[in-house]
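For reference, the structure is listed below as structure tokens.
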Amino acid sequence: MTVRQKELYNVIESLPEELSNKVIDYIEYLKFSYITTKSSDDLIIKDEKDLLNKLKKGIEDTENKRVCSVNEAYEEIKEILAN
């Protein structure tokens, strides 16, 4: 654990439980925000229309045999999230 992580842990540990839960929620929000700003547009669904377009494209890709295995998809997502 780094010095900053220990400092963060100590601050959160000293808070009342209700407030520490809010801090953890905020940290999760920050992680989500960071991931969505760093991720490819292909992985982010912006709205209902975008979802429908991505589903349509996925169906067309499947029909035209332009797909990859689940393991290949998992590895690509893991690589994107690691950056």
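Chain lettering (A, B, ...) mirrors the order of the structure tokens, residue numbering begins at 1 for each chain separately, and ligand numbering begins at 1 in order of display.
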
Quick one: residues within 12 Å of A:Asn10, only C-alpha atoms counted, chain neighbours fewer than 6 positions away excluded, as a PyMOL selection string?
-> chain A and resi 3-4+20

Pick out the residues sitting within 12 Å of A:Thr36, and hand them over as a PDB file with N, CA and C atoms, in the first residue's frame; count only C-alpha atoms, and ignore anything fewer than 4 positions along from it in its own chain.
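The new file selection-v3.pdb reads:
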ATOM      1  N   TYR A  29     -17.923   6.511  -8.386  1.00  0.00           N
ATOM      2  CA  TYR A  29     -18.323   7.434  -9.447  1.00  0.00           C
ATOM      3  C   TYR A  29     -17.093   7.933 -10.202  1.00  0.00           C
ATOM      4  N   LEU A  30     -16.048   8.307  -9.479  1.00  0.00           N
ATOM      5  CA  LEU A  30     -14.821   8.769 -10.119  1.00  0.00           C
ATOM      6  C   LEU A  30     -14.205   7.680 -10.998  1.00  0.00           C
ATOM      7  N   LYS A  31     -14.196   6.449 -10.508  1.00  0.00           N
ATOM      8  CA  LYS A  31     -13.661   5.341 -11.310  1.00  0.00           C
ATOM      9  C   LYS A  31     -14.474   5.175 -12.584  1.00  0.00           C
ATOM     10  N   PHE A  32     -15.790   5.211 -12.455  1.00  0.00           N
ATOM     11  CA  PHE A  32     -16.670   5.073 -13.621  1.00  0.00           C
ATOM     12  C   PHE A  32     -16.428   6.206 -14.614  1.00  0.00           C
ATOM     13  N   SER A  40     -13.195   3.493 -25.573  1.00  0.00           N
ATOM     14  CA  SER A  40     -13.584   3.707 -26.959  1.00  0.00           C
ATOM     15  C   SER A  40     -15.078   4.000 -27.038  1.00  0.00           C
ATOM     16  N   ASP A  41     -15.469   4.817 -28.012  1.00  0.00           N
ATOM     17  CA  ASP A  41     -16.892   5.110 -28.204  1.00  0.00           C
ATOM     18  C   ASP A  41     -17.707   3.854 -28.472  1.00  0.00           C
ATOM     19  N   ASP A  42     -17.062   2.827 -29.008  1.00  0.00           N
ATOM     20  CA  ASP A  42     -17.767   1.571 -29.276  1.00  0.00           C
ATOM     21  C   ASP A  42     -18.246   0.893 -27.996  1.00  0.00           C
ATOM     22  N   LEU A  43     -17.603   1.192 -26.868  1.00  0.00           N
ATOM     23  CA  LEU A  43     -17.944   0.541 -25.606  1.00  0.00           C
ATOM     24  C   LEU A  43     -18.910   1.337 -24.738  1.00  0.00           C
ATOM     25  N   ILE A  44     -19.145   2.576 -25.097  1.00  0.00           N
ATOM     26  CA  ILE A  44     -20.004   3.443 -24.291  1.00  0.00           C
ATOM     27  C   ILE A  44     -21.342   3.651 -25.007  1.00  0.00           C
ATOM     28  N   ILE A  45     -22.428   3.441 -24.268  1.00  0.00           N
ATOM     29  CA  ILE A  45     -23.766   3.671 -24.811  1.00  0.00           C
ATOM     30  C   ILE A  45     -24.226   5.028 -24.290  1.00  0.00           C
ATOM     31  N   LYS A  46     -24.398   5.962 -25.214  1.00  0.00           N
ATOM     32  CA  LYS A  46     -24.719   7.340 -24.841  1.00  0.00           C
ATOM     33  C   LYS A  46     -26.200   7.556 -24.572  1.00  0.00           C
ATOM     34  N   ILE A  80      -8.207  -2.431 -22.635  1.00  0.00           N
ATOM     35  CA  ILE A  80      -8.702  -1.054 -22.651  1.00  0.00           C
ATOM     36  C   ILE A  80      -8.804  -0.507 -21.226  1.00  0.00           C
ATOM     37  N   LEU A  81      -9.336  -1.292 -20.320  1.00  0.00           N
ATOM     38  CA  LEU A  81      -9.513  -0.832 -18.942  1.00  0.00           C
ATOM     39  C   LEU A  81      -8.183  -0.681 -18.209  1.00  0.00           C
ATOM     40  N   ASN A  83      -5.539   0.630 -19.423  1.00  0.00           N
ATOM     41  CA  ASN A  83      -4.851   1.875 -19.847  1.00  0.00           C
ATOM     42  C   ASN A  83      -5.408   3.072 -19.185  1.00  0.00           C
TER      43      ASN A  83
END

Pull the helix (DSSP H, G or I) assignments for chain A out of DSSP run on the backbone, and list those residues as a tab-separated table (two decimals) with C-alpha atoms, in the first residue's frame.
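So states.tsv came out as:
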chain	number	residue	atom	x	y	z
A	3	VAL	CA	1.65	6.33	1.42
A	4	ARG	CA	-1.26	8.07	-0.35
A	5	GLN	CA	-3.39	4.93	-0.13
A	6	LYS	CA	-2.64	4.63	3.60
A	7	GLU	CA	-3.53	8.30	4.05
A	8	LEU	CA	-6.82	7.81	2.20
A	9	TYR	CA	-7.56	4.67	4.21
A	10	ASN	CA	-6.92	6.51	7.49
A	11	VAL	CA	-9.17	9.41	6.50
A	12	ILE	CA	-12.00	7.09	5.47
A	13	GLU	CA	-11.50	4.95	8.59
A	14	SER	CA	-11.92	8.02	10.82
A	17	GLU	CA	-20.02	5.02	8.63
A	18	GLU	CA	-22.70	7.02	6.81
A	19	LEU	CA	-20.12	9.51	5.55
A	20	SER	CA	-17.59	6.81	4.64
A	21	ASN	CA	-20.28	5.12	2.54
A	22	LYS	CA	-20.78	8.39	0.65
A	23	VAL	CA	-17.01	8.67	0.11
A	24	ILE	CA	-16.90	5.13	-1.28
A	25	ASP	CA	-19.85	5.92	-3.59
A	26	TYR	CA	-18.01	9.01	-4.81
A	27	ILE	CA	-14.84	7.00	-5.44
A	28	GLU	CA	-16.88	4.52	-7.48
A	29	TYR	CA	-18.32	7.43	-9.45
A	30	LEU	CA	-14.82	8.77	-10.12
A	31	LYS	CA	-13.66	5.34	-11.31
A	32	PHE	CA	-16.67	5.07	-13.62
A	33	SER	CA	-16.10	8.59	-14.97
A	34	TYR	CA	-12.45	7.85	-15.61
A	35	ILE	CA	-13.21	4.61	-17.43
A	36	THR	CA	-15.89	6.19	-19.62
A	37	THR	CA	-13.63	9.05	-20.66
A	38	LYS	CA	-10.79	6.68	-21.55
A	41	ASP	CA	-16.89	5.11	-28.20
A	42	ASP	CA	-17.77	1.57	-29.28
A	43	LEU	CA	-17.94	0.54	-25.61
A	48	GLU	CA	-31.30	4.83	-26.43
A	49	LYS	CA	-30.66	5.68	-30.09
A	50	ASP	CA	-26.95	4.86	-29.70
A	51	LEU	CA	-27.87	1.54	-28.08
A	52	LEU	CA	-30.20	0.62	-30.94
A	53	ASN	CA	-27.53	1.53	-33.51
A	54	LYS	CA	-24.91	-0.57	-31.73
A	55	LEU	CA	-27.30	-3.52	-31.45
A	56	LYS	CA	-28.15	-3.23	-35.15
A	57	LYS	CA	-24.46	-3.14	-36.06
A	58	GLY	CA	-23.82	-6.14	-33.80
A	59	ILE	CA	-26.58	-8.14	-35.47
A	60	GLU	CA	-25.21	-7.23	-38.92
A	61	ASP	CA	-21.67	-8.21	-37.83
A	62	THR	CA	-22.98	-11.55	-36.55
A	63	GLU	CA	-24.91	-12.21	-39.77
A	70	VAL	CA	-15.90	-14.22	-25.93
A	71	ASN	CA	-12.31	-14.72	-24.75
A	72	GLU	CA	-10.99	-12.35	-27.44
A	73	ALA	CA	-13.58	-9.74	-26.47
A	74	TYR	CA	-12.75	-10.14	-22.78
A	75	GLU	CA	-9.01	-9.69	-23.45
A	76	GLU	CA	-9.65	-6.56	-25.54
A	77	ILE	CA	-11.85	-5.03	-22.83
A	78	LYS	CA	-9.31	-5.92	-20.15
A	79	GLU	CA	-6.58	-4.20	-22.20
A	80	ILE	CA	-8.70	-1.05	-22.65
A	81	LEU	CA	-9.51	-0.83	-18.94
A	82	ALA	CA	-5.85	-1.30	-17.99
